[in-house]
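A.B. asks: My structure is in entry.cif, and what it holds is mmCIF, C-alpha atoms:
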data_my_file
#
loop_
_atom_site.group_PDB
_atom_site.id
_atom_site.type_symbol
_atom_site.label_atom_id
_atom_site.label_comp_id
_atom_site.auth_asym_id
_atom_site.auth_seq_id
_atom_site.Cartn_x
_atom_site.Cartn_y
_atom_site.Cartn_z
ATOM 1 C CA MET Q 1 102.425 106.516 83.486
ATOM 2 C CA THR Q 2 103.247 102.827 83.838
ATOM 3 C CA HIS Q 3 100.555 100.134 83.881
ATOM 4 C CA ILE Q 4 100.883 97.043 86.072
ATOM 5 C CA ALA Q 5 98.557 94.032 86.269
ATOM 6 C CA VAL Q 6 98.298 91.867 89.372
ATOM 7 C CA LEU Q 7 96.976 88.315 89.138
ATOM 8 C CA GLY Q 8 96.396 87.123 92.678
ATOM 9 C CA SER Q 9 94.444 86.995 95.891
ATOM 10 C CA THR Q 10 92.141 89.337 97.750
ATOM 11 C CA ASN Q 11 91.505 88.585 101.427
ATOM 12 C CA MET Q 12 89.936 90.273 104.380
ATOM 13 C CA ASP Q 13 92.610 90.332 107.088
ATOM 14 C CA LEU Q 14 91.190 89.587 110.545
ATOM 15 C CA VAL Q 15 93.940 90.916 112.793
ATOM 16 C CA ALA Q 16 94.399 90.369 116.530
ATOM 17 C CA TYR Q 17 97.054 92.451 118.308
ATOM 18 C CA VAL Q 18 98.701 90.818 121.345
ATOM 19 C CA ALA Q 19 101.726 91.371 123.558
ATOM 20 C CA LYS Q 20 102.983 87.866 122.778
ATOM 21 C CA ALA Q 21 101.582 85.294 120.371
ATOM 22 C CA PRO Q 22 100.054 82.218 122.054
ATOM 23 C CA GLN Q 23 101.887 78.921 122.123
ATOM 24 C CA ARG Q 24 100.093 75.710 121.152
ATOM 25 C CA GLY Q 25 97.225 75.100 123.556
ATOM 26 C CA GLU Q 26 97.583 78.535 125.146
ATOM 27 C CA THR Q 27 94.965 81.296 125.323
ATOM 28 C CA VAL Q 28 96.061 84.913 125.591
ATOM 29 C CA THR Q 29 94.155 88.183 125.834
ATOM 30 C CA GLY Q 30 94.587 90.594 122.980
ATOM 31 C CA ARG Q 31 94.318 94.355 123.185
ATOM 32 C CA GLU Q 32 92.750 95.124 119.775
ATOM 33 C CA PHE Q 33 91.024 93.544 116.769
ATOM 34 C CA ARG Q 34 90.744 94.973 113.245
ATOM 35 C CA THR Q 35 89.351 93.900 109.885
ATOM 36 C CA ILE Q 36 91.701 95.185 107.179
ATOM 37 C CA PRO Q 37 91.449 94.508 103.431
ATOM 38 C CA GLY Q 38 94.457 92.474 102.276
ATOM 39 C CA GLY Q 39 95.629 89.403 100.379
ATOM 40 C CA LYS Q 40 99.032 89.293 98.728
ATOM 41 C CA GLY Q 41 97.655 90.141 95.304
ATOM 42 C CA ALA Q 42 95.501 93.028 96.486
ATOM 43 C CA ASN Q 43 98.290 94.292 98.739
ATOM 44 C CA GLN Q 44 100.757 94.429 95.850
ATOM 45 C CA ALA Q 45 98.133 96.146 93.692
ATOM 46 C CA VAL Q 46 97.519 98.840 96.317
ATOM 47 C CA ALA Q 47 101.258 99.305 96.885
ATOM 48 C CA ALA Q 48 101.873 99.782 93.158
ATOM 49 C CA ALA Q 49 98.939 102.196 92.843
ATOM 50 C CA HIS Q 50 100.123 104.225 95.831
ATOM 51 C CA ALA Q 51 103.595 104.299 94.271
ATOM 52 C CA GLY Q 52 102.234 105.986 91.158
ATOM 53 C CA SER Q 53 101.282 103.338 88.590
ATOM 54 C CA ASP Q 54 98.023 102.532 86.851
ATOM 55 C CA VAL Q 55 97.089 99.103 88.244
ATOM 56 C CA SER Q 56 94.575 96.436 87.196
ATOM 57 C CA MET Q 57 93.574 93.583 89.520
ATOM 58 C CA ILE Q 58 92.768 90.095 88.196
ATOM 59 C CA GLY Q 59 91.187 87.751 90.734
ATOM 60 C CA ALA Q 60 87.959 87.055 92.610
ATOM 61 C CA VAL Q 61 85.973 88.075 95.662
ATOM 62 C CA GLY Q 62 82.969 86.349 97.183
ATOM 63 C CA ALA Q 63 79.330 87.399 97.085
ATOM 64 C CA ASP Q 64 79.469 88.576 100.692
ATOM 65 C CA ALA Q 65 79.988 91.774 102.659
ATOM 66 C CA PHE Q 66 83.758 91.233 102.677
ATOM 67 C CA GLY Q 67 83.729 90.982 98.872
ATOM 68 C CA SER Q 68 82.011 94.334 98.483
ATOM 69 C CA GLN Q 69 84.405 95.932 100.948
ATOM 70 C CA LEU Q 70 87.464 94.445 99.244
ATOM 71 C CA ARG Q 71 86.379 95.713 95.834
ATOM 72 C CA THR Q 72 85.597 99.175 97.197
ATOM 73 C CA THR Q 73 88.938 99.403 98.975
ATOM 74 C CA LEU Q 74 90.840 98.559 95.796
ATOM 75 C CA GLU Q 75 88.869 101.119 93.811
ATOM 76 C CA HIS Q 76 89.416 103.823 96.437
ATOM 77 C CA SER Q 77 93.156 103.069 96.203
ATOM 78 C CA GLY Q 78 93.063 103.698 92.451
ATOM 79 C CA VAL Q 79 93.090 100.045 91.344
ATOM 80 C CA ASP Q 80 90.960 99.045 88.351
ATOM 81 C CA THR Q 81 88.662 96.116 89.261
ATOM 82 C CA ASP Q 82 87.058 95.354 85.896
ATOM 83 C CA HIS Q 83 88.825 91.969 85.905
ATOM 84 C CA LEU Q 84 88.000 91.162 89.557
ATOM 85 C CA ARG Q 85 85.292 88.492 89.432
ATOM 86 C CA THR Q 86 82.517 87.980 91.990
ATOM 87 C CA THR Q 87 81.803 84.313 92.770
ATOM 88 C CA GLU Q 88 79.243 82.531 94.919
ATOM 89 C CA GLY Q 89 80.337 81.834 98.488
ATOM 90 C CA PRO Q 90 82.712 83.614 100.857
ATOM 91 C CA SER Q 91 85.655 85.866 100.105
ATOM 92 C CA GLY Q 92 89.139 84.839 101.158
ATOM 93 C CA THR Q 93 90.195 85.593 104.721
ATOM 94 C CA ALA Q 94 93.527 85.792 106.543
ATOM 95 C CA HIS Q 95 93.582 85.294 110.302
ATOM 96 C CA ILE Q 96 96.573 87.190 111.675
ATOM 97 C CA VAL Q 97 98.148 87.514 115.116
ATOM 98 C CA VAL Q 98 100.523 90.478 115.504
ATOM 99 C CA ASP Q 99 102.780 90.718 118.566
ATOM 100 C CA ASP Q 100 104.429 93.709 120.208
ATOM 101 C CA GLU Q 101 107.679 93.111 118.314
ATOM 102 C CA GLY Q 102 105.869 93.539 114.989
ATOM 103 C CA GLY Q 103 106.043 89.831 114.121
ATOM 104 C CA ASN Q 104 103.035 87.985 112.738
ATOM 105 C CA GLU Q 105 101.518 84.543 112.315
ATOM 106 C CA ILE Q 106 98.963 84.027 109.540
ATOM 107 C CA VAL Q 107 96.364 81.432 108.534
ATOM 108 C CA VAL Q 108 94.862 82.009 105.068
ATOM 109 C CA ILE Q 109 91.497 80.533 104.005
ATOM 110 C CA PRO Q 110 91.242 80.922 100.207
ATOM 111 C CA GLY Q 111 87.470 81.282 99.732
ATOM 112 C CA ALA Q 112 86.822 82.925 96.351
ATOM 113 C CA ASN Q 113 90.548 82.924 95.574
ATOM 114 C CA GLY Q 114 90.324 79.153 95.147
ATOM 115 C CA THR Q 115 88.079 79.626 92.104
ATOM 116 C CA VAL Q 116 90.757 81.557 90.209
ATOM 117 C CA ASP Q 117 92.213 78.547 88.397
ATOM 118 C CA HIS Q 118 92.241 79.978 84.853
ATOM 119 C CA LEU Q 119 92.339 83.244 82.936
ATOM 120 C CA ALA Q 120 88.884 84.648 82.214
ATOM 121 C CA PRO Q 121 87.952 86.191 78.834
ATOM 122 C CA GLY Q 122 89.784 89.480 78.436
ATOM 123 C CA ASP Q 123 92.491 88.731 81.015
ATOM 124 C CA GLU Q 124 95.181 87.884 78.457
ATOM 125 C CA ALA Q 125 94.384 90.992 76.429
ATOM 126 C CA LEU Q 126 94.854 93.065 79.577
ATOM 127 C CA ILE Q 127 98.148 91.345 80.408
ATOM 128 C CA ALA Q 128 99.411 91.907 76.854
ATOM 129 C CA GLY Q 129 99.208 95.685 77.279
ATOM 130 C CA VAL Q 130 100.878 96.213 80.660
ATOM 131 C CA ASP Q 131 104.475 96.924 81.660
ATOM 132 C CA ALA Q 132 104.659 94.153 84.277
ATOM 133 C CA LEU Q 133 102.607 91.294 85.706
ATOM 134 C CA LEU Q 134 102.817 90.578 89.444
ATOM 135 C CA LEU Q 135 102.130 87.020 90.625
ATOM 136 C CA GLN Q 136 101.978 85.245 93.996
ATOM 137 C CA LEU Q 137 100.851 81.779 95.148
ATOM 138 C CA GLU Q 138 97.606 82.429 97.071
ATOM 139 C CA ILE Q 139 95.512 81.358 94.055
ATOM 140 C CA PRO Q 140 95.652 77.979 92.275
ATOM 141 C CA LEU Q 141 98.942 77.320 90.529
ATOM 142 C CA ALA Q 142 97.154 76.688 87.218
ATOM 143 C CA ALA Q 143 96.132 80.353 87.016
ATOM 144 C CA VAL Q 144 99.593 81.572 88.011
ATOM 145 C CA LEU Q 145 101.084 79.474 85.217
ATOM 146 C CA ALA Q 146 98.487 80.666 82.703
ATOM 147 C CA GLY Q 147 99.185 84.289 83.590
ATOM 148 C CA ALA Q 148 102.959 83.867 83.408
ATOM 149 C CA GLU Q 149 102.775 82.120 80.045
ATOM 150 C CA ALA Q 150 100.445 84.817 78.682
ATOM 151 C CA ALA Q 151 102.881 87.499 79.790
ATOM 152 C CA ARG Q 152 105.769 85.630 78.183
ATOM 153 C CA ARG Q 153 103.888 85.373 74.880
ATOM 154 C CA HIS Q 154 103.467 89.140 74.822
ATOM 155 C CA GLY Q 155 106.919 90.125 76.082
ATOM 156 C CA VAL Q 156 105.628 91.414 79.457
ATOM 157 C CA ARG Q 157 107.942 91.312 82.477
ATOM 158 C CA THR Q 158 106.802 88.812 85.124
ATOM 159 C CA ILE Q 159 107.586 89.172 88.839
ATOM 160 C CA LEU Q 160 106.724 86.237 91.120
ATOM 161 C CA THR Q 161 106.544 86.270 94.905
ATOM 162 C CA PRO Q 162 106.720 82.536 95.813
ATOM 163 C CA SER Q 163 104.426 82.764 98.854
ATOM 164 C CA PRO Q 164 103.035 80.649 100.394
ATOM 165 C CA VAL Q 165 106.158 78.758 99.406
ATOM 166 C CA GLN Q 166 105.733 75.524 97.466
ATOM 167 C CA SER Q 167 107.555 73.531 94.826
ATOM 168 C CA LEU Q 168 107.543 75.489 91.567
ATOM 169 C CA PRO Q 169 107.146 73.578 88.282
ATOM 170 C CA PRO Q 170 109.831 74.145 85.628
ATOM 171 C CA GLU Q 171 107.260 75.437 83.128
ATOM 172 C CA LEU Q 172 106.332 78.252 85.521
ATOM 173 C CA LEU Q 173 109.926 79.196 86.283
ATOM 174 C CA ALA Q 174 110.629 79.279 82.538
ATOM 175 C CA SER Q 175 108.154 82.169 82.250
ATOM 176 C CA ILE Q 176 109.388 84.193 85.249
ATOM 177 C CA ASP Q 177 111.755 87.129 84.781
ATOM 178 C CA LEU Q 178 112.253 88.143 88.429
ATOM 179 C CA LEU Q 179 111.715 85.927 91.492
ATOM 180 C CA VAL Q 180 111.305 87.726 94.844
ATOM 181 C CA PRO Q 181 111.375 85.294 97.802
ATOM 182 C CA ASN Q 182 112.147 86.241 101.378
ATOM 183 C CA GLU Q 183 115.121 84.495 102.952
ATOM 184 C CA HIS Q 184 112.961 81.689 104.407
ATOM 185 C CA GLU Q 185 111.272 81.045 101.069
ATOM 186 C CA ALA Q 186 114.634 81.088 99.281
ATOM 187 C CA ALA Q 187 115.905 78.473 101.731
ATOM 188 C CA ALA Q 188 112.793 76.322 101.273
ATOM 189 C CA LEU Q 189 113.116 76.454 97.478
ATOM 190 C CA THR Q 190 116.810 75.552 97.414
ATOM 191 C CA GLY Q 191 117.650 73.820 100.701
ATOM 192 C CA LEU Q 192 120.371 76.455 101.237
ATOM 193 C CA THR Q 193 120.210 78.654 104.338
ATOM 194 C CA ASP Q 194 122.663 81.321 103.185
ATOM 195 C CA PRO Q 195 120.670 83.882 101.119
ATOM 196 C CA ARG Q 196 123.544 84.505 98.703
ATOM 197 C CA ASP Q 197 123.983 80.785 98.048
ATOM 198 C CA ALA Q 198 120.226 80.370 97.647
ATOM 199 C CA ALA Q 199 119.983 83.294 95.216
ATOM 200 C CA THR Q 200 122.855 81.916 93.144
ATOM 201 C CA ALA Q 201 121.181 78.507 92.994
ATOM 202 C CA LEU Q 202 117.874 80.053 91.899
ATOM 203 C CA LEU Q 203 119.645 81.666 88.933
ATOM 204 C CA ASP Q 204 119.729 78.207 87.372
ATOM 205 C CA GLN Q 205 115.948 78.571 87.002
ATOM 206 C CA VAL Q 206 115.248 82.302 86.583
ATOM 207 C CA PRO Q 207 117.367 85.185 85.203
ATOM 208 C CA GLU Q 208 117.019 87.548 88.200
ATOM 209 C CA VAL Q 209 116.415 87.081 91.931
ATOM 210 C CA VAL Q 210 115.802 89.479 94.781
ATOM 211 C CA VAL Q 211 115.888 87.922 98.251
ATOM 212 C CA THR Q 212 114.280 90.170 100.850
ATOM 213 C CA LEU Q 213 116.116 90.143 104.180
ATOM 214 C CA GLY Q 214 113.727 92.021 106.467
ATOM 215 C CA ALA Q 215 115.494 94.713 108.458
ATOM 216 C CA ALA Q 216 118.759 93.843 106.683
ATOM 217 C CA GLY Q 217 117.457 95.010 103.297
ATOM 218 C CA SER Q 218 117.561 92.961 100.092
ATOM 219 C CA LEU Q 219 119.993 90.890 98.032
ATOM 220 C CA TYR Q 220 120.006 91.069 94.222
ATOM 221 C CA ALA Q 221 121.509 88.444 91.949
ATOM 222 C CA SER Q 222 121.448 88.071 88.175
ATOM 223 C CA ARG Q 223 123.140 85.799 85.697
ATOM 224 C CA GLY Q 224 126.650 86.866 84.817
ATOM 225 C CA ALA Q 225 126.960 89.568 87.497
ATOM 226 C CA GLU Q 226 128.182 89.816 91.074
ATOM 227 C CA PRO Q 227 125.345 89.822 93.661
ATOM 228 C CA PHE Q 228 124.921 92.913 95.816
ATOM 229 C CA THR Q 229 122.956 93.914 98.906
ATOM 230 C CA VAL Q 230 120.949 97.099 99.402
ATOM 231 C CA PRO Q 231 120.427 97.963 103.088
ATOM 232 C CA ALA Q 232 117.053 98.967 104.523
ATOM 233 C CA PRO Q 233 116.502 102.116 106.596
ATOM 234 C CA ARG Q 234 116.645 101.483 110.335
ATOM 235 C CA VAL Q 235 113.194 101.856 111.893
ATOM 236 C CA THR Q 236 111.171 100.489 114.811
ATOM 237 C CA ALA Q 237 108.592 98.019 113.502
ATOM 238 C CA VAL Q 238 105.004 98.186 114.712
ATOM 239 C CA ASP Q 239 103.472 95.647 112.306
ATOM 240 C CA SER Q 240 105.348 93.868 109.512
ATOM 241 C CA THR Q 241 102.180 92.538 107.836
ATOM 242 C CA GLY Q 242 102.250 93.508 104.165
ATOM 243 C CA ALA Q 243 105.811 94.836 104.203
ATOM 244 C CA GLY Q 244 106.964 92.325 101.607
ATOM 245 C CA ASP Q 245 104.025 93.178 99.358
ATOM 246 C CA THR Q 246 104.756 96.887 99.756
ATOM 247 C CA PHE Q 247 108.331 96.173 98.679
ATOM 248 C CA VAL Q 248 107.326 94.152 95.601
ATOM 249 C CA GLY Q 249 104.603 96.524 94.428
ATOM 250 C CA THR Q 250 106.858 99.543 94.759
ATOM 251 C CA LEU Q 251 109.802 97.718 93.159
ATOM 252 C CA ALA Q 252 107.643 96.831 90.161
ATOM 253 C CA VAL Q 253 106.772 100.489 89.637
ATOM 254 C CA ALA Q 254 110.404 101.569 89.886
ATOM 255 C CA LEU Q 255 111.536 98.946 87.379
ATOM 256 C CA ALA Q 256 108.672 99.738 84.991
ATOM 257 C CA GLU Q 257 109.831 103.351 85.068
ATOM 258 C CA GLY Q 258 113.298 102.236 84.016
ATOM 259 C CA ARG Q 259 115.172 102.869 87.262
ATOM 260 C CA PRO Q 260 118.448 100.945 87.718
ATOM 261 C CA MET Q 261 118.050 97.914 89.988
ATOM 262 C CA ARG Q 262 120.081 99.319 92.895
ATOM 263 C CA ALA Q 263 118.056 102.546 92.935
ATOM 264 C CA ALA Q 264 114.796 100.619 92.531
ATOM 265 C CA LEU Q 265 115.633 98.374 95.489
ATOM 266 C CA ALA Q 266 116.506 101.362 97.671
ATOM 267 C CA TRP Q 267 113.194 103.060 96.809
ATOM 268 C CA ALA Q 268 111.239 99.872 97.509
ATOM 269 C CA SER Q 269 113.078 99.369 100.821
ATOM 270 C CA THR Q 270 112.150 102.898 101.841
ATOM 271 C CA ALA Q 271 108.481 102.167 101.152
ATOM 272 C CA ALA Q 272 108.604 98.871 103.065
ATOM 273 C CA SER Q 273 110.346 100.500 106.029
ATOM 274 C CA MET Q 274 107.565 103.089 106.183
ATOM 275 C CA SER Q 275 104.857 100.403 106.065
ATOM 276 C CA VAL Q 276 106.182 98.495 109.092
ATOM 277 C CA GLN Q 277 105.849 101.630 111.217
ATOM 278 C CA ARG Q 278 102.067 101.610 110.680
ATOM 279 C CA PRO Q 279 99.439 98.974 111.579
ATOM 280 C CA GLY Q 280 97.810 96.784 108.943
ATOM 281 C CA ALA Q 281 98.748 95.696 105.442
ATOM 282 C CA SER Q 282 97.119 97.742 102.673
ATOM 283 C CA SER Q 283 96.301 100.458 105.207
ATOM 284 C CA SER Q 284 99.996 100.937 105.983
ATOM 285 C CA MET Q 285 101.275 101.438 102.439
ATOM 286 C CA PRO Q 286 102.817 104.859 101.704
ATOM 287 C CA TYR Q 287 102.047 107.061 98.732
ATOM 288 C CA ARG Q 288 104.627 108.108 96.153
ATOM 289 C CA SER Q 289 105.038 111.608 97.606
ATOM 290 C CA GLU Q 290 105.758 110.099 101.030
ATOM 291 C CA ILE Q 291 108.255 107.594 99.617
ATOM 292 C CA ASP Q 292 110.083 110.288 97.672
ATOM 293 C CA ALA Q 293 110.248 112.582 100.706
ATOM 294 C CA GLN Q 294 111.535 109.809 102.979
ATOM 295 C CA ALA Q 295 114.053 108.621 100.366
ATOM 296 C CA ALA Q 296 115.410 112.160 100.086
ATOM 297 C CA SER Q 297 115.647 112.353 103.877
ATOM 298 C CA ASN Q 298 117.480 109.015 104.013
ATOM 299 C CA THR Q 299 119.962 110.279 101.429
ATOM 300 C CA ARG Q 300 120.666 113.455 103.408
ATOM 301 C CA HIS Q 301 121.265 111.507 106.607
ATOM 302 C CA THR Q 302 123.681 109.048 104.964
ATOM 303 C CA SER Q 303 125.645 111.539 102.869
#
In structure tokens, what does this structure look like?
C.D. replies:
Amino acid sequence: MTHIAVLGSTNMDLVAYVAKAPQRGETVTGREFRTIPGGKGANQAVAAAHAGSDVSMIGAVGADAFGSQLRTTLEHSGVDTDHLRTTEGPSGTAHIVVDDEGGNEIVVIPGANGTVDHLAPGDEALIAGVDALLLQLEIPLAAVLAGAEAARRHGVRTILTPSPVQSLPPELLASIDLLVPNEHEAAALTGLTDPRDAATALLDQVPEVVVTLGAAGSLYASRGAEPFTVPAPRVTAVDSTGAGDTFVGTLAVALAEGRPMRAALAWASTAASMSVQRPGASSSMPYRSEIDAQAASNTRHTS
């Protein structure tokens, strides 16, 4: 079995479901409210665990009720939390509005995630023994850089989701093997609105790029090869929260298992398409048996 480490955030998602998201200054009535464990790091950890990998989470939760619930949720999903610190103060929270078209608007308050600005004792030893390290940008950049450089020292594949998008220092990009932005993040990083142009430009900084395109699938580009697109299954979205994290976590498992990139992207797209048909982030992520069954069904319907 593969082993993946995730260095990143854990948040409690506070989710309001509405017919239409409010405009500035507007108040609307929602139909439902849920508290759902999330955070980009934790989401990717759960997705990878559901997809069949051993997973270890590096990060922090607060000394509050949310922190206990976040840790328990990860453990119940099969994620090892020995490297998940508990700090004084509140856990991270994400305040999410989901509309009837499955779109979302999110405000993240870091809480304990803001204390993860370095690797703790034992973190590098963990990273040295895994097949891949997943990184995002919901913890301080200093820790992301430290994790990426540790992985590079030990020959471990690094996969970075540049979200929330920000300028990335050259020393971080030098330690990244695969960059996975969505099309908006790719445009923000390069100033180029066409995903193919943006992916090509990003290859000046990293050896491989996957740009996620939502319902249109994903675009892969690597140095010295022609880019290609892998379509996503057509589904009706209920809630897109966590779909990108489902994609990345599942993709990491597929690549760690040695699947070719095109096949890995198709498998990850299947998982993401299943997640958007269910409410919530970590609560929507399919298990390996479900992904395999749906992928086989997709193949039958397209052959």
A.B. asks: Could you list, with a cut-off of 7 Å and counting only C-alpha atoms, the residues of segment 104-152 of chain Q near segment 37-59 of chain Q, each shown with its nearest atom pair and the distance in Å rounded to one decimal, rows sorted by chain and ascending number, as CSV?
C.D. replies:
residue,atom,partner,partner_atom,distance
Q:Asn113,CA,Q:Gly59,CA,6.9
Q:Val116,CA,Q:Gly59,CA,6.2
Q:Gln136,CA,Q:Gly41,CA,6.7
A.B. asks: Run the PyMOL selection byres ((chain Q and resi 85) around 12) mentally over the shown coordinates, then write out the matched residues as a VMD selection string, using the chain letters and numbers from the document.
C.D. replies: chain Q and resid 7 to 10 57 to 63 67 to 68 70 to 71 81 to 84 86 to 88 91 112 to 113 115 to 116 118 to 123
A.B. asks: To one decimal place, how far is atom CA of Gln23 of chain Q from atom CA of Glu183 of chain Q in Å?
C.D. replies: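 If I compute the distance from atom CA of Gln23 of chain Q to atom CA of Glu183 of chain Q, I get 24.0 Å.
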A.B. asks: Residues of segment 62-149 of chain Q that have any atom at most 10 Å from an atom of segment 163-169 of chain Q: could you tabulate them with the shortest-distance atom pair and the distance in Å to one decimal, using all atoms listed in the file, ordered by chain and increasing number, as CSV?
C.D. replies:
residue,atom,partner,partner_atom,distance
Q:Val108,CA,Q:Pro164,CA,9.5
Q:Leu135,CA,Q:Ser163,CA,9.5
Q:Gln136,CA,Q:Ser163,CA,6.0
Q:Leu137,CA,Q:Ser163,CA,5.2
Q:Glu138,CA,Q:Pro164,CA,6.6
Q:Ile139,CA,Q:Pro164,CA,9.9
Q:Leu141,CA,Q:Leu168,CA,8.9
Q:Leu145,CA,Q:Pro169,CA,9.0
A.B. asks: Please produce an output containing C-alpha atoms for each residue in the selection, written as a PDB file, keeping the file's coordinate frame.
C.D. replies:
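result_35.pdb was written with the following content:
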ATOM      1  CA  VAL Q 108      94.862  82.009 105.068  1.00  0.00           C
ATOM      2  CA  LEU Q 135     102.130  87.020  90.625  1.00  0.00           C
ATOM      3  CA  GLN Q 136     101.978  85.245  93.996  1.00  0.00           C
ATOM      4  CA  LEU Q 137     100.851  81.779  95.148  1.00  0.00           C
ATOM      5  CA  GLU Q 138      97.606  82.429  97.071  1.00  0.00           C
ATOM      6  CA  ILE Q 139      95.512  81.358  94.055  1.00  0.00           C
ATOM      7  CA  LEU Q 141      98.942  77.320  90.529  1.00  0.00           C
ATOM      8  CA  LEU Q 145     101.084  79.474  85.217  1.00  0.00           C
TER       9      LEU Q 145
END
A.B. asks: Distance atom CA of Ala252 of chain Q-atom CA of Ala237 of chain Q, one decimal place?
C.D. replies: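 Separating atom CA of Ala252 of chain Q from atom CA of Ala237 of chain Q is a distance of 23.4 Å.
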A.B. asks: What does the structure give for the distance between atom CA of Ser282 of chain Q and atom CA of Ala151 of chain Q, in Å to one decimal?
C.D. replies: 25.7 Å
A.B. asks: Determine the residue set returned by the PyMOL selection byres ((chain Q and resi 269) around 10) for the present structure, and present it as a PyMOL selection string.
C.D. replies: chain Q and resi 212+214-218+230-233+243-244+246-248+250-251+263-268+270-275+291+295
A.B. asks: For the selection you just gave me, I'd like the residues written to a file as an mmCIF file, in the frame of the given file, keeping C-alpha atoms.
C.D. replies:
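File written: again-v4.cif
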data_model
loop_
_atom_site.group_PDB
_atom_site.id
_atom_site.type_symbol
_atom_site.label_atom_id
_atom_site.label_comp_id
_atom_site.auth_asym_id
_atom_site.auth_seq_id
_atom_site.Cartn_x
_atom_site.Cartn_y
_atom_site.Cartn_z
ATOM 1 C CA THR Q 212 114.280 90.170 100.850
ATOM 2 C CA GLY Q 214 113.727 92.021 106.467
ATOM 3 C CA ALA Q 215 115.494 94.713 108.458
ATOM 4 C CA ALA Q 216 118.759 93.843 106.683
ATOM 5 C CA GLY Q 217 117.457 95.010 103.297
ATOM 6 C CA SER Q 218 117.561 92.961 100.092
ATOM 7 C CA VAL Q 230 120.949 97.099 99.402
ATOM 8 C CA PRO Q 231 120.427 97.963 103.088
ATOM 9 C CA ALA Q 232 117.053 98.967 104.523
ATOM 10 C CA PRO Q 233 116.502 102.116 106.596
ATOM 11 C CA ALA Q 243 105.811 94.836 104.203
ATOM 12 C CA GLY Q 244 106.964 92.325 101.607
ATOM 13 C CA THR Q 246 104.756 96.887 99.756
ATOM 14 C CA PHE Q 247 108.331 96.173 98.679
ATOM 15 C CA VAL Q 248 107.326 94.152 95.601
ATOM 16 C CA THR Q 250 106.858 99.543 94.759
ATOM 17 C CA LEU Q 251 109.802 97.718 93.159
ATOM 18 C CA ALA Q 263 118.056 102.546 92.935
ATOM 19 C CA ALA Q 264 114.796 100.619 92.531
ATOM 20 C CA LEU Q 265 115.633 98.374 95.489
ATOM 21 C CA ALA Q 266 116.506 101.362 97.671
ATOM 22 C CA TRP Q 267 113.194 103.060 96.809
ATOM 23 C CA ALA Q 268 111.239 99.872 97.509
ATOM 24 C CA THR Q 270 112.150 102.898 101.841
ATOM 25 C CA ALA Q 271 108.481 102.167 101.152
ATOM 26 C CA ALA Q 272 108.604 98.871 103.065
ATOM 27 C CA SER Q 273 110.346 100.500 106.029
ATOM 28 C CA MET Q 274 107.565 103.089 106.183
ATOM 29 C CA SER Q 275 104.857 100.403 106.065
ATOM 30 C CA ILE Q 291 108.255 107.594 99.617
ATOM 31 C CA ALA Q 295 114.053 108.621 100.366
#
A.B. asks: For the PyMOL selection byres ((chain Q and resi 184) around 12), applied here, can you spell out every residue it catches as JSON, numbers by chain?
C.D. replies: {"Q": [162, 163, 164, 165, 166, 180, 181, 182, 183, 185, 186, 187, 188, 189, 190, 191, 192, 193, 194, 195, 198, 199, 211, 212, 213, 214]}
A.B. asks: May I ask which of the residues Q:Leu160, Q:Val276, Q:Ala19, Q:Leu173 is the closest one to Gly242 of chain Q, counting all atoms listed in the file?
C.D. replies: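 Comparing Q:Leu160, Q:Val276, Q:Ala19, Q:Leu173 against Gly242 of chain Q, the winner is Q:Val276.
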A.B. asks: Would you compute, for all listed atoms of segment 14-24 of chain Q, the axis-aligned bounding box grown by 4 Å on each side, and then report its centre and edge lengths in Å rounded to one decimal, as AutoDock Vina command-line options?
C.D. replies:
--center_x 97.1 --center_y 84.1 --center_z 117.1 --size_x 19.8 --size_y 24.7 --size_z 21.0
A.B. asks: Considering only C-alpha atoms, return as a PyMOL selection string whatever protein or nucleic-acid residues lie within 10 Å of Ala125 of chain Q, sequence-local ones (same chain, fewer than 5 positions apart) excluded.
C.D. replies: chain Q and resi 130+150-151+154
A.B. asks: Extract, using only C-alpha atoms, all DNA, RNA and protein residues at most 9 Å from Gln205 of chain Q, discarding same-chain residues fewer than 6 positions from it, and format them as a ChimeraX atom specification.
C.D. replies: /Q:170,173-174,176
A.B. asks: Pick from Q:Asn11, Q:Thr27, Q:Ser284, Q:Thr229: nearest to Gln69 of chain Q, with all atoms listed in the file counted?
C.D. replies: Q:Asn11
A.B. asks: If we count all atoms listed in the file and set the cut-off at 9 Å, which residues sit around His95 of chain Q, ignoring sequence neighbours fewer than 3 positions away in its own chain? Please answer as a list in words.
C.D. replies: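 Using all atoms listed in the file, the neighbours found are Met12, Asp13, Leu14, Val15, Ala16, Glu105, Ile106, Val107, Val108 and Ile109 of chain Q.
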A.B. asks: Return the single residue from Q:Gly114, Q:Pro279, Q:Gly92, Q:Gly102 that is closest to Lys20 of chain Q, with distances computed using only C-alpha atoms.
C.D. replies: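 Of Q:Gly114, Q:Pro279, Q:Gly92, Q:Gly102, the one nearest Lys20 of chain Q is Q:Gly102, counting only C-alpha atoms.
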A.B. asks: May I have the residues within 9 Å of Ala132 of chain Q as number ranges by chain, using only C-alpha atoms and disregarding those fewer than 4 positions away in the same chain?
C.D. replies: Q: 2-6, 127, 151, 156-159, 252-253, 255-256
A.B. asks: At a cut-off of 9 Å, using all atoms listed in the file, what residues contact Val209 of chain Q? Leave out same-chain residues fewer than 5 positions from it and give the result as a PyMOL selection string.
C.D. replies: chain Q and resi 177-181+199-200+202-203+219-222
A.B. asks: Could you pull out every residue with an atom within 10 Å of (102.9, 92.9, 120.9), file coordinates, counting all atoms listed in the file, and send them as an NGL selection string?
C.D. replies: :Q and (16-21 or 30-31 or 97-104 or 238-239)
